[in-house]
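**Student:** One file is attached below, coords22.cif, containing mmCIF, C-alpha atoms and all ligand atoms.
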```
data_coords
loop_
_atom_site.label_atom_id
_atom_site.label_comp_id
_atom_site.auth_asym_id
_atom_site.auth_seq_id
_atom_site.Cartn_x
_atom_site.Cartn_y
_atom_site.Cartn_z
CA MET A 7 0.00 0.00 0.00
CA ILE A 8 1.23 3.50 -0.85
CA ARG A 9 0.15 6.28 1.48
CA LEU A 10 0.11 9.82 0.13
CA ALA A 11 -1.23 13.08 1.47
CA VAL A 12 -2.93 16.06 -0.11
CA GLU A 13 -1.56 19.04 1.81
CA LEU A 14 -3.75 22.13 1.72
CA PRO A 15 -3.35 25.71 2.91
CA GLY A 16 -4.02 26.28 6.58
CA GLY A 17 -2.38 23.04 7.63
CA ARG A 18 -5.27 20.93 6.36
CA SER A 19 -4.40 17.59 4.81
CA TYR A 20 -5.95 14.25 3.99
CA PRO A 21 -4.59 10.81 3.19
CA VAL A 22 -4.88 8.99 -0.13
CA LEU A 23 -4.25 5.25 0.16
CA VAL A 24 -3.35 3.41 -3.05
CA GLY A 25 -2.98 -0.32 -3.54
CA PRO A 26 -4.63 -3.71 -3.70
CA GLY A 27 -7.26 -4.21 -1.02
CA VAL A 28 -7.14 -0.70 0.47
CA VAL A 29 -10.95 -0.66 0.55
CA GLY A 30 -10.44 -2.69 3.73
CA GLU A 31 -8.90 0.42 5.33
CA LEU A 32 -12.16 2.36 5.20
CA ALA A 33 -12.99 2.11 8.90
CA SER A 34 -9.55 3.50 9.76
CA VAL A 35 -10.03 6.65 7.64
CA VAL A 36 -13.61 7.51 8.61
CA PRO A 37 -13.15 10.55 10.88
CA ALA A 38 -13.03 9.74 14.57
CA GLY A 39 -16.33 10.24 16.37
CA VAL A 40 -18.53 9.75 13.30
CA ARG A 41 -21.60 7.85 14.46
CA ARG A 42 -23.25 6.81 11.20
CA VAL A 43 -22.29 6.70 7.55
CA ALA A 44 -24.42 7.18 4.43
CA VAL A 45 -22.80 5.08 1.71
CA VAL A 46 -23.60 6.54 -1.72
CA THR A 47 -23.05 4.22 -4.67
CA GLN A 48 -24.62 2.80 -7.84
CA GLU A 49 -26.14 -0.57 -8.69
CA SER A 50 -23.33 -1.19 -11.19
CA VAL A 51 -20.48 -0.69 -8.69
CA PRO A 52 -19.29 -4.13 -7.58
CA VAL A 53 -17.66 -2.99 -4.34
CA GLU A 54 -18.94 -3.50 -0.82
CA VAL A 55 -17.58 -1.44 2.02
CA ASP A 56 -17.54 -1.56 5.79
CA PRO A 57 -17.14 1.88 7.35
CA GLY A 58 -16.92 0.30 10.81
CA VAL A 59 -20.00 2.13 12.16
CA GLU A 60 -23.73 1.90 11.55
CA HIS A 61 -24.37 2.59 7.87
CA ARG A 62 -27.01 2.57 5.18
CA VAL A 63 -26.54 2.29 1.41
CA PHE A 64 -28.10 4.92 -0.90
CA ARG A 65 -27.99 4.11 -4.62
CA ILE A 66 -28.08 6.76 -7.33
CA GLY A 67 -28.69 6.13 -11.05
CA ASP A 68 -26.01 5.03 -13.48
CA GLY A 69 -24.44 7.30 -16.07
CA GLU A 70 -23.85 11.01 -16.51
CA THR A 71 -27.60 11.78 -16.38
CA ALA A 72 -27.54 10.88 -12.66
CA LYS A 73 -25.24 13.88 -12.11
CA SER A 74 -28.17 16.22 -11.56
CA LEU A 75 -29.65 18.50 -8.92
CA ALA A 76 -32.62 16.12 -8.82
CA THR A 77 -30.32 13.30 -7.70
CA VAL A 78 -28.78 15.51 -5.00
CA GLU A 79 -32.28 16.49 -3.80
CA GLU A 80 -33.39 12.85 -3.64
CA LEU A 81 -30.22 11.90 -1.83
CA CYS A 82 -30.48 14.71 0.73
CA SER A 83 -34.17 13.87 1.32
CA ALA A 84 -33.21 10.27 1.92
CA PHE A 85 -30.44 11.42 4.33
CA ALA A 86 -33.02 13.53 6.18
CA GLY A 87 -35.47 10.62 6.23
CA TRP A 88 -32.82 8.50 7.91
CA GLY A 89 -32.01 11.35 10.30
CA LEU A 90 -28.40 11.91 9.20
CA THR A 91 -26.77 14.64 11.30
CA ARG A 92 -23.55 16.62 11.44
CA ALA A 93 -22.14 13.93 13.69
CA ASP A 94 -22.29 11.58 10.70
CA ALA A 95 -20.47 11.24 7.37
CA VAL A 96 -20.92 10.33 3.72
CA VAL A 97 -18.86 7.71 1.88
CA GLY A 98 -18.98 7.77 -1.94
CA VAL A 99 -18.18 4.43 -3.55
CA GLY A 100 -17.81 4.58 -7.32
CA GLY A 101 -16.40 6.51 -10.25
CA GLY A 102 -16.50 10.21 -11.02
CA VAL A 103 -20.30 10.46 -11.13
CA VAL A 104 -20.57 9.07 -7.59
CA THR A 105 -17.71 11.09 -6.13
CA ASP A 106 -19.08 14.32 -7.70
CA VAL A 107 -22.66 13.71 -6.51
CA ALA A 108 -21.81 12.26 -3.09
CA GLY A 109 -19.26 15.03 -2.56
CA PHE A 110 -21.75 17.76 -3.48
CA ALA A 111 -24.49 16.22 -1.32
CA ALA A 112 -22.00 16.03 1.57
CA ALA A 113 -20.97 19.67 0.97
CA SER A 114 -24.59 20.84 0.98
CA TYR A 115 -26.48 18.65 3.46
CA HIS A 116 -26.65 20.44 6.83
CA ARG A 117 -24.09 22.82 5.26
CA GLY A 118 -21.42 20.18 5.20
CA LEU A 119 -20.63 16.67 6.38
CA PRO A 120 -17.29 14.91 6.04
CA VAL A 121 -16.99 12.75 2.93
CA VAL A 122 -14.64 9.86 2.18
CA HIS A 123 -14.24 8.70 -1.42
CA VAL A 124 -13.70 5.06 -2.34
CA ALA A 125 -12.73 5.53 -5.98
CA THR A 126 -13.51 2.46 -8.06
CA THR A 127 -12.45 3.57 -11.55
CA LEU A 128 -9.00 4.55 -12.80
CA LEU A 129 -10.36 7.95 -13.79
CA ALA A 130 -11.72 8.61 -10.30
CA GLN A 131 -8.54 7.34 -8.63
CA ILE A 132 -6.18 9.60 -10.54
CA ASP A 133 -8.46 12.59 -11.03
CA ALA A 134 -12.10 12.95 -9.96
CA ALA A 135 -11.82 11.81 -6.34
CA ILE A 136 -8.72 13.89 -5.59
CA GLY A 137 -8.82 17.63 -5.02
CA GLY A 138 -12.31 18.40 -3.75
CA LYS A 139 -14.18 19.32 -6.93
CA THR A 140 -17.81 18.22 -6.55
CA GLY A 141 -20.87 19.09 -8.57
CA VAL A 142 -23.59 18.25 -11.02
CA ASN A 143 -24.64 19.11 -14.56
CA LEU A 144 -27.43 21.41 -15.72
CA PRO A 145 -29.28 21.03 -19.03
CA GLU A 146 -27.15 24.04 -20.07
CA GLY A 147 -23.81 22.33 -19.50
CA LYS A 148 -21.56 20.01 -17.53
CA ASN A 149 -20.44 20.71 -13.96
CA LEU A 150 -22.16 24.11 -13.82
CA VAL A 151 -23.26 23.77 -10.17
CA GLY A 152 -20.89 22.53 -7.51
CA ALA A 153 -18.60 23.26 -4.62
CA PHE A 154 -15.03 22.71 -3.55
CA TRP A 155 -15.38 20.20 -0.73
CA GLN A 156 -12.24 18.33 0.19
CA PRO A 157 -12.69 14.72 1.28
CA ALA A 158 -11.48 13.46 4.64
CA ALA A 159 -9.67 10.63 2.84
CA VAL A 160 -9.55 8.85 -0.52
CA LEU A 161 -9.09 5.12 -1.08
CA CYS A 162 -7.78 3.94 -4.47
CA ASP A 163 -8.08 0.15 -4.48
CA THR A 164 -6.20 -1.14 -7.51
CA THR A 165 -7.69 -4.64 -7.23
CA VAL A 166 -11.06 -3.15 -8.11
CA LEU A 167 -9.61 -1.94 -11.43
CA GLU A 168 -9.10 -5.54 -12.59
CA THR A 169 -12.83 -5.84 -13.24
CA LEU A 170 -13.21 -2.53 -15.08
CA PRO A 171 -14.65 -2.79 -18.59
CA GLU A 172 -12.02 -2.10 -21.26
CA ARG A 173 -13.46 1.24 -22.34
CA GLU A 174 -13.77 2.40 -18.74
CA MET A 175 -10.08 1.61 -18.31
CA ALA A 176 -9.30 3.48 -21.56
CA CYS A 177 -11.10 6.44 -20.06
CA GLY A 178 -8.63 6.51 -17.15
CA LEU A 179 -5.65 5.88 -19.39
CA GLY A 180 -6.36 9.08 -21.33
CA GLU A 181 -6.07 11.00 -18.07
CA MET A 182 -2.97 9.04 -17.12
CA ALA A 183 -1.36 10.01 -20.45
CA LYS A 184 -1.94 13.65 -19.49
CA TYR A 185 0.22 13.33 -16.37
CA HIS A 186 3.27 12.46 -18.50
CA PHE A 187 3.32 16.13 -19.50
CA LEU A 188 2.62 17.52 -16.03
CA GLY A 189 5.81 16.29 -14.47
CA GLY A 190 5.12 12.57 -14.74
CA GLY A 191 7.70 11.91 -17.43
CA ASP A 192 8.86 8.89 -15.44
CA LEU A 193 5.40 7.25 -15.45
CA GLY A 194 6.89 4.47 -17.50
CA GLY A 195 4.10 3.14 -19.70
CA GLY A 196 3.20 4.75 -23.00
CA GLY A 197 6.70 6.08 -23.53
CA PRO A 198 9.24 5.05 -26.15
CA ASP A 199 9.56 1.68 -24.43
CA GLY A 200 5.92 1.08 -25.29
CA GLY A 201 3.12 -0.53 -23.38
CA GLY A 202 0.67 1.00 -20.97
CA PRO A 203 -0.77 -0.50 -17.80
CA GLY A 204 -2.11 -3.95 -18.49
CA VAL A 205 0.56 -4.72 -21.09
CA ASP A 206 2.15 -7.90 -19.82
CA HIS A 207 5.67 -7.44 -21.16
CA HIS A 208 6.01 -4.05 -19.53
CA GLN A 209 8.84 -3.91 -17.00
CA GLY A 210 8.09 -0.44 -15.65
CA PRO A 211 6.18 0.68 -12.59
CA THR A 212 3.20 -1.33 -11.40
CA LEU A 213 -0.32 0.01 -11.78
CA GLU A 214 -0.32 0.81 -8.07
CA GLN A 215 2.85 2.90 -8.50
CA ARG A 216 1.47 4.66 -11.56
CA VAL A 217 -1.78 5.56 -9.83
CA ALA A 218 0.27 6.87 -6.91
CA MET A 219 2.48 8.95 -9.25
CA CYS A 220 -0.58 10.56 -10.83
CA VAL A 221 -2.14 11.21 -7.40
CA ARG A 222 1.11 12.81 -6.25
CA ILE A 223 1.18 15.17 -9.25
CA LYS A 224 -2.47 16.08 -8.79
CA ALA A 225 -1.97 16.59 -5.05
CA GLU A 226 0.91 19.01 -5.71
CA VAL A 227 -1.15 21.04 -8.19
CA VAL A 228 -4.16 21.15 -5.84
CA ALA A 229 -1.94 22.12 -2.90
CA ALA A 230 -0.62 25.08 -4.91
CA ASP A 231 -4.05 26.24 -6.12
CA GLU A 232 -6.93 24.60 -4.30
CA ARG A 233 -9.70 26.71 -5.88
CA GLU A 234 -8.36 27.01 -9.42
CA ALA A 235 -7.31 30.63 -9.29
CA GLY A 236 -4.61 29.79 -11.82
CA ARG A 237 -2.25 26.85 -11.92
CA ARG A 238 -4.87 24.15 -11.28
CA ALA A 239 -6.14 24.75 -14.81
CA VAL A 240 -3.10 22.78 -16.08
CA LEU A 241 -5.04 19.67 -15.01
CA ASN A 242 -7.23 20.45 -18.00
CA TYR A 243 -4.36 19.73 -20.39
CA GLY A 244 -5.85 18.06 -23.47
CA HIS A 245 -9.38 18.90 -22.32
CA THR A 246 -10.29 21.87 -24.55
CA LEU A 247 -10.62 19.81 -27.71
CA GLY A 248 -11.52 16.79 -25.56
CA HIS A 249 -14.54 18.57 -24.05
CA ALA A 250 -15.50 19.94 -27.47
CA LEU A 251 -15.56 16.40 -28.84
CA GLU A 252 -17.70 15.30 -25.91
CA THR A 253 -20.12 18.23 -25.83
CA THR A 254 -21.00 18.08 -29.51
CA GLY A 255 -22.33 14.62 -28.59
CA ARG A 256 -21.76 13.44 -32.14
CA TYR A 257 -18.87 11.09 -31.54
CA ASP A 258 -18.73 7.80 -29.71
CA LEU A 259 -15.85 8.81 -27.45
CA ARG A 260 -15.42 8.32 -23.71
CA HIS A 261 -13.86 11.17 -21.72
CA GLY A 262 -10.34 9.75 -21.65
CA GLU A 263 -10.47 8.83 -25.33
CA ALA A 264 -11.44 12.42 -26.13
CA VAL A 265 -8.66 13.76 -23.88
CA ALA A 266 -6.13 11.55 -25.71
CA VAL A 267 -7.00 13.23 -29.02
CA GLY A 268 -6.98 16.55 -27.19
CA LEU A 269 -3.41 15.98 -25.96
CA VAL A 270 -2.08 15.42 -29.47
CA TYR A 271 -4.13 18.36 -30.71
CA ALA A 272 -2.72 20.62 -27.99
CA ALA A 273 0.79 19.54 -28.99
CA GLU A 274 0.14 20.35 -32.67
CA LEU A 275 -1.28 23.73 -31.69
CA ALA A 276 1.73 24.45 -29.44
CA LEU A 277 4.02 23.50 -32.35
CA SER A 278 2.27 25.96 -34.67
CA LEU A 279 2.72 28.67 -32.02
CA GLY A 280 6.45 27.88 -31.84
CA ARG A 281 6.16 26.77 -28.21
CA ILE A 282 7.46 23.21 -28.71
CA ASP A 283 9.31 21.32 -31.45
CA ASP A 284 8.49 18.32 -33.65
CA GLY A 285 10.19 15.94 -31.23
CA ARG A 286 7.88 16.96 -28.40
CA VAL A 287 4.81 16.50 -30.64
CA ALA A 288 6.09 13.03 -31.54
CA GLU A 289 6.43 12.32 -27.82
CA HIS A 290 2.74 13.19 -27.31
CA ARG A 291 1.77 10.86 -30.14
CA ARG A 292 3.97 8.09 -28.70
CA VAL A 293 2.61 8.39 -25.17
CA VAL A 294 -1.00 8.36 -26.34
CA ALA A 295 -0.41 5.41 -28.68
CA GLY A 296 1.48 3.62 -25.91
CA TYR A 297 -1.74 3.58 -23.90
CA GLY A 298 -3.54 2.03 -26.87
CA LEU A 299 -5.44 5.25 -27.52
CA SER A 300 -5.98 7.13 -30.76
CA GLY A 301 -4.52 10.60 -31.19
CA SER A 302 -6.67 11.29 -34.26
CA LEU A 303 -10.12 12.77 -34.64
CA PRO A 304 -13.01 10.42 -35.30
CA ALA A 305 -13.79 10.07 -39.01
CA GLY A 306 -15.86 12.94 -40.37
CA ALA A 307 -15.23 15.24 -37.39
CA ASP A 308 -16.75 18.65 -38.07
CA ALA A 309 -14.22 21.49 -37.69
CA ASP A 310 -16.89 24.23 -37.48
CA GLY A 311 -18.70 22.46 -34.64
CA LEU A 312 -15.45 21.91 -32.76
CA MET A 313 -14.40 25.56 -33.21
CA LEU A 314 -17.76 26.69 -31.80
CA ALA A 315 -17.52 24.34 -28.81
CA MET A 316 -13.91 25.38 -28.06
CA GLY A 317 -14.98 29.04 -28.13
CA ARG A 318 -17.52 28.24 -25.40
CA ASP A 319 -14.98 26.56 -23.12
CA LYS A 320 -15.20 27.74 -19.50
CA LYS A 321 -11.56 28.95 -19.70
CA ALA A 322 -12.30 31.09 -22.76
CA ILE A 323 -12.86 34.44 -21.04
CA ASP A 324 -10.17 36.20 -23.05
CA GLY A 325 -10.51 34.82 -26.58
CA LEU A 326 -9.74 31.20 -27.52
CA THR A 327 -7.93 29.77 -24.51
CA PHE A 328 -5.90 26.58 -24.26
CA VAL A 329 -3.65 24.76 -21.85
CA LEU A 330 -0.45 24.35 -23.85
CA ASP A 331 3.01 22.91 -23.44
CA GLY A 332 5.95 25.26 -23.89
CA PRO A 333 9.43 26.21 -22.71
CA ALA A 334 8.10 26.87 -19.19
CA GLY A 335 6.04 23.68 -19.16
CA VAL A 336 2.28 23.34 -19.45
CA GLU A 337 0.38 26.60 -18.85
CA VAL A 338 -2.78 28.50 -19.78
CA VAL A 339 -2.48 30.52 -23.00
CA THR A 340 -5.18 33.07 -23.87
CA GLY A 341 -6.09 34.82 -27.11
CA VAL A 342 -4.91 32.04 -29.42
CA ASP A 343 -5.29 32.89 -33.13
CA ALA A 344 -8.45 31.22 -34.50
CA GLU A 345 -6.75 30.36 -37.80
CA LEU A 346 -4.05 28.36 -35.97
CA VAL A 347 -6.71 26.67 -33.85
CA ARG A 348 -8.52 25.60 -37.01
CA ALA A 349 -5.33 24.54 -38.79
CA ALA A 350 -4.34 22.32 -35.86
CA ILE A 351 -7.65 20.46 -36.27
CA GLY A 352 -6.36 19.44 -39.70
CA ALA A 353 -3.15 18.13 -38.11
CA VAL A 354 -5.04 15.55 -36.04
CA ARG A 355 -7.27 14.18 -38.79
N1 LIG A 401 -10.16 17.52 -12.93
C1 LIG A 401 -9.53 18.77 -12.84
C2 LIG A 401 -9.37 19.27 -11.44
O1 LIG A 401 -9.62 18.56 -10.52
O2 LIG A 401 -9.00 20.40 -11.27
#
```
Show me the file's structure as structure tokens.
Ligand code: GLY

**Tutor:**
Amino acid sequence: MIRLAVELPGGRSYPVLVGPGVVGELASVVPAGVRRVAVVTQESVPVEVDPGVEHRVFRIGDGETAKSLATVEELCSAFAGWGLTRADAVVGVGGGVVTDVAGFAAASYHRGLPVVHVATTLLAQIDAAIGGKTGVNLPEGKNLVGAFWQPAAVLCDTTVLETLPEREMACGLGEMAKYHFLGGGDLGGGGPDGGGPGVDHHQGPTLEQRVAMCVRIKAEVVAADEREAGRRAVLNYGHTLGHALETTGRYDLRHGEAVAVGLVYAAELALSLGRIDDGRVAEHRRVVAGYGLSGSLPAGADADGLMLAMGRDKKAIDGLTFVLDGPAGVEVVTGVDAELVRAAIGAVR
């Protein structure tokens, strides 16, 4: 088991435990004195937990549509019906949908209960469950209502990942590829030596070590900028085109698959801006391919639709805005020339 900590301003910190079987540590990370626990999960999550105190299981719907205010209302009503109080806690067991919804319900119910996340997907383990972003979607867009609510602890049980469907794993691998360019150059898989997690011949770090490396990078970024005043936006590397591909809703791409294309796109755009060289673009392509992911747009991708969606990105306050690699590393770049943005779409066809 690898034990990490997310250190926050004001001396706050919480543990992240990574490794096979760490779900068994739940009782030891539930805050002392908690009397009862509301376990929030989904029917499809094959993980049972024992928080070590009286608990009740509350199931929310499957899929992104469950990430709604209606779900939070139902959940909070059910908490009230059970008589959950501030002396109690919430435990979210699942992927990003569960950690976002359970976290937001915990942040809101009685103005805030402690929450522990048991992250059961690779994506949740290396991203969604770490850093305190919680929230739900509106019909107008994704993640438009939410709160920063840091968990009391996060458990990343790597045994659970063995049963993940292939595309769910791919979803996490796209995010893992991102960390190569955020200081995780030593992540091992996906590099010139080839092979991502799950590739038998790979001699590099274990999946447990890789998850821990990603958590460490994310923890450092969150520690430096808990509420995304600046630097935390680098965690959205590869996400501008990635989100555009997702929001148009026209392509059969999971989040991490879309991010993988977005990483190569961001590299091509950075090349056209003179920020990086051909070798660095090739490195992006190699890393993405090493995880078995495509760095090319789906066939027939519509450049006009993607341009429109990228213009509506939440970061785009000051013209077209991207997170781009460069001499000083990955950073936010505003006011990017629309012609270059469009030309780079051609470079990932
Ligand atoms: N997933 C991006 C962040 O947590 O800031």

**Student:** Could I get the residues of stretch 105-152 of chain A with an atom no further than 12 Å from an atom of stretch 29-53 of chain A, each paired with its nearest atom pair and that distance in Å to one decimal, using all atoms listed in the file, sorted by chain and residue number, as JSON lines?

**Tutor:**
```
{"residue": "A:Thr105", "atom": "CA", "partner": "A:Val46", "partner_atom": "CA", "distance": 8.7}
{"residue": "A:Asp106", "atom": "CA", "partner": "A:Val46", "partner_atom": "CA", "distance": 10.8}
{"residue": "A:Val107", "atom": "CA", "partner": "A:Val46", "partner_atom": "CA", "distance": 8.7}
{"residue": "A:Ala108", "atom": "CA", "partner": "A:Val46", "partner_atom": "CA", "distance": 6.1}
{"residue": "A:Gly109", "atom": "CA", "partner": "A:Val46", "partner_atom": "CA", "distance": 9.6}
{"residue": "A:Phe110", "atom": "CA", "partner": "A:Val46", "partner_atom": "CA", "distance": 11.5}
{"residue": "A:Ala111", "atom": "CA", "partner": "A:Val46", "partner_atom": "CA", "distance": 9.7}
{"residue": "A:Ala112", "atom": "CA", "partner": "A:Ala44", "partner_atom": "CA", "distance": 9.6}
{"residue": "A:Tyr115", "atom": "CA", "partner": "A:Ala44", "partner_atom": "CA", "distance": 11.7}
{"residue": "A:Leu119", "atom": "CA", "partner": "A:Val40", "partner_atom": "CA", "distance": 10.0}
{"residue": "A:Pro120", "atom": "CA", "partner": "A:Pro37", "partner_atom": "CA", "distance": 7.7}
{"residue": "A:Val121", "atom": "CA", "partner": "A:Val36", "partner_atom": "CA", "distance": 8.4}
{"residue": "A:Val122", "atom": "CA", "partner": "A:Val36", "partner_atom": "CA", "distance": 6.9}
{"residue": "A:His123", "atom": "CA", "partner": "A:Leu32", "partner_atom": "CA", "distance": 9.4}
{"residue": "A:Val124", "atom": "CA", "partner": "A:Val29", "partner_atom": "CA", "distance": 7.0}
{"residue": "A:Ala125", "atom": "CA", "partner": "A:Val29", "partner_atom": "CA", "distance": 9.2}
{"residue": "A:Thr126", "atom": "CA", "partner": "A:Val51", "partner_atom": "CA", "distance": 7.7}
{"residue": "A:Thr127", "atom": "CA", "partner": "A:Val51", "partner_atom": "CA", "distance": 9.5}
```

**Student:** Show me which residues line ligand LIG 401 (chain A), defined as having an atom within 9 Å of a ligand atom where all atoms listed in the file count, and present them as a JSON list (two decimals) with C-alpha atoms, in the coordinates of the input.

**Tutor:**
```
[["chain", "number", "residue", "atom", "x", "y", "z"],
["A", 133, "ASP", "CA", -8.46, 12.59, -11.03],
["A", 134, "ALA", "CA", -12.10, 12.95, -9.96],
["A", 135, "ALA", "CA", -11.82, 11.81, -6.34],
["A", 136, "ILE", "CA", -8.72, 13.89, -5.59],
["A", 137, "GLY", "CA", -8.82, 17.63, -5.02],
["A", 138, "GLY", "CA", -12.31, 18.40, -3.75],
["A", 139, "LYS", "CA", -14.18, 19.32, -6.93],
["A", 224, "LYS", "CA", -2.47, 16.08, -8.79],
["A", 227, "VAL", "CA", -1.15, 21.04, -8.19],
["A", 228, "VAL", "CA", -4.16, 21.15, -5.84],
["A", 232, "GLU", "CA", -6.93, 24.60, -4.30],
["A", 233, "ARG", "CA", -9.70, 26.71, -5.88],
["A", 234, "GLU", "CA", -8.36, 27.01, -9.42],
["A", 238, "ARG", "CA", -4.87, 24.15, -11.28],
["A", 239, "ALA", "CA", -6.14, 24.75, -14.81],
["A", 240, "VAL", "CA", -3.10, 22.78, -16.08],
["A", 241, "LEU", "CA", -5.04, 19.67, -15.01],
["A", 242, "ASN", "CA", -7.23, 20.45, -18.00]]
```

**Student:** For atom CA of A:Gly190 and atom CA of A:His245, quote the distance in Å rounded to one decimal.

**Tutor:**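 These atoms are spaced 17.5 Å apart.
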
**Student:** Nearest to A:Gly178: which of A:Gly101, A:Pro333, A:Gly67, A:Gly236 is it, counting all atoms listed in the file?

**Tutor:** A:Gly101

**Student:** Let me make sure I understand: among A:Met175, A:Met316, A:Leu326, A:Leu213, which one has the smallest atom-to-atom distance to A:Gly248 if we use all atoms listed in the file?

**Tutor:**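 Comparing A:Met175, A:Met316, A:Leu326, A:Leu213 against A:Gly248, the winner is A:Met316.
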
**Student:** Give me the residues within 8 Å of A:Val24 as a list in words, counting all atoms listed in the file and dropping any in the same chain fewer than 5 places off.

**Tutor:** Met7, Ile8, Arg9, Leu10, Leu161, Cys162, Asp163, Thr164, Glu214, Val217 and Ala218 of chain A

**Student:** Keeping C-alpha atoms for every residue in the selection just given, could you write it to a file as an mmCIF file, in the coordinates of the input?

**Tutor:**
```
data_model
loop_
_atom_site.group_PDB
_atom_site.id
_atom_site.type_symbol
_atom_site.label_atom_id
_atom_site.label_comp_id
_atom_site.auth_asym_id
_atom_site.auth_seq_id
_atom_site.Cartn_x
_atom_site.Cartn_y
_atom_site.Cartn_z
ATOM 1 C CA MET A 7 0.000 0.000 0.000
ATOM 2 C CA ILE A 8 1.230 3.500 -0.850
ATOM 3 C CA ARG A 9 0.150 6.280 1.480
ATOM 4 C CA LEU A 10 0.110 9.820 0.130
ATOM 5 C CA LEU A 161 -9.090 5.120 -1.080
ATOM 6 C CA CYS A 162 -7.780 3.940 -4.470
ATOM 7 C CA ASP A 163 -8.080 0.150 -4.480
ATOM 8 C CA THR A 164 -6.200 -1.140 -7.510
ATOM 9 C CA GLU A 214 -0.320 0.810 -8.070
ATOM 10 C CA VAL A 217 -1.780 5.560 -9.830
ATOM 11 C CA ALA A 218 0.270 6.870 -6.910
#
```

**Student:** I'd like the interatomic distance between atom CA of A:Val104 and atom CA of A:Gly89, to a tenth of an Å.

**Tutor:**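 Between these atoms lies a distance of 21.4 Å.
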
**Student:** Calculated over all atoms listed in the file, which of the candidates A:Asp68, A:Lys148, A:Glu226, A:Arg62 has the smallest distance to A:Leu90?

**Tutor:**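 Looking only at the distances to A:Leu90, the closest residue turns out to be A:Arg62.
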
**Student:** Could you state the separation of atom CA of A:Val329 and atom CA of A:Tyr243 in Å, given to one decimal place?

**Tutor:**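 Pair atom CA of A:Val329 / atom CA of A:Tyr243 returns 5.3 Å.
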
**Student:** Name the closest residue to A:Pro15 among the candidates A:Asp343, A:Asp319, A:Asp231, A:Asp284; distances are taken between atoms, counting all atoms listed in the file.

**Tutor:**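 Residue with the minimum atom-to-atom distance to A:Pro15: A:Asp231.
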
**Student:** When distances are computed from all atoms listed in the file, which of A:Ala295, A:Ala72, A:Arg318, A:Gly262 shows the smallest separation from A:Leu179?

**Tutor:**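 Using all atoms listed in the file, A:Leu179 sits closest to A:Gly262.
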
**Student:** Could you tell me which of A:Gly100, A:Gly285, A:Gly244, A:Gly191 comes closest to A:Glu263 if we count only C-alpha atoms?

**Tutor:**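 Counting only C-alpha atoms, the residue closest to A:Glu263 is A:Gly244.
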
**Student:** Please determine the residues with any atom at most 10 Å from (1.5, 14.6, -17.8) (coordinates as given in the file, with all atoms listed in the file counting) and report them as a list of chain:residue names.

**Tutor:**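 Residues with an atom at most 10 Å from (1.5, 14.6, -17.8): A:Glu181, A:Met182, A:Ala183, A:Lys184, A:Tyr185, A:His186, A:Phe187, A:Leu188, A:Gly189, A:Gly190, A:Gly191, A:Asp192, A:Leu193, A:Cys220, A:Ile223, A:Lys224, A:Val240, A:Leu241, A:Tyr243, A:Gly244, A:Leu269, A:His290, A:Val293, A:Val336.
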
**Student:** Can you tell me which residues surround A:His116 at a distance of at most 8 Å, considering all atoms listed in the file, apart from same-chain residues fewer than 2 positions away, and format the answer as a PDB file with C-alpha atoms, in the coordinates of the input?

**Tutor:**
```
ATOM      1  CA  THR A  91     -26.770  14.640  11.300  1.00  0.00           C
ATOM      2  CA  ARG A  92     -23.550  16.620  11.440  1.00  0.00           C
ATOM      3  CA  SER A 114     -24.590  20.840   0.980  1.00  0.00           C
ATOM      4  CA  GLY A 118     -21.420  20.180   5.200  1.00  0.00           C
ATOM      5  CA  LEU A 119     -20.630  16.670   6.380  1.00  0.00           C
TER       6      LEU A 119
END
```
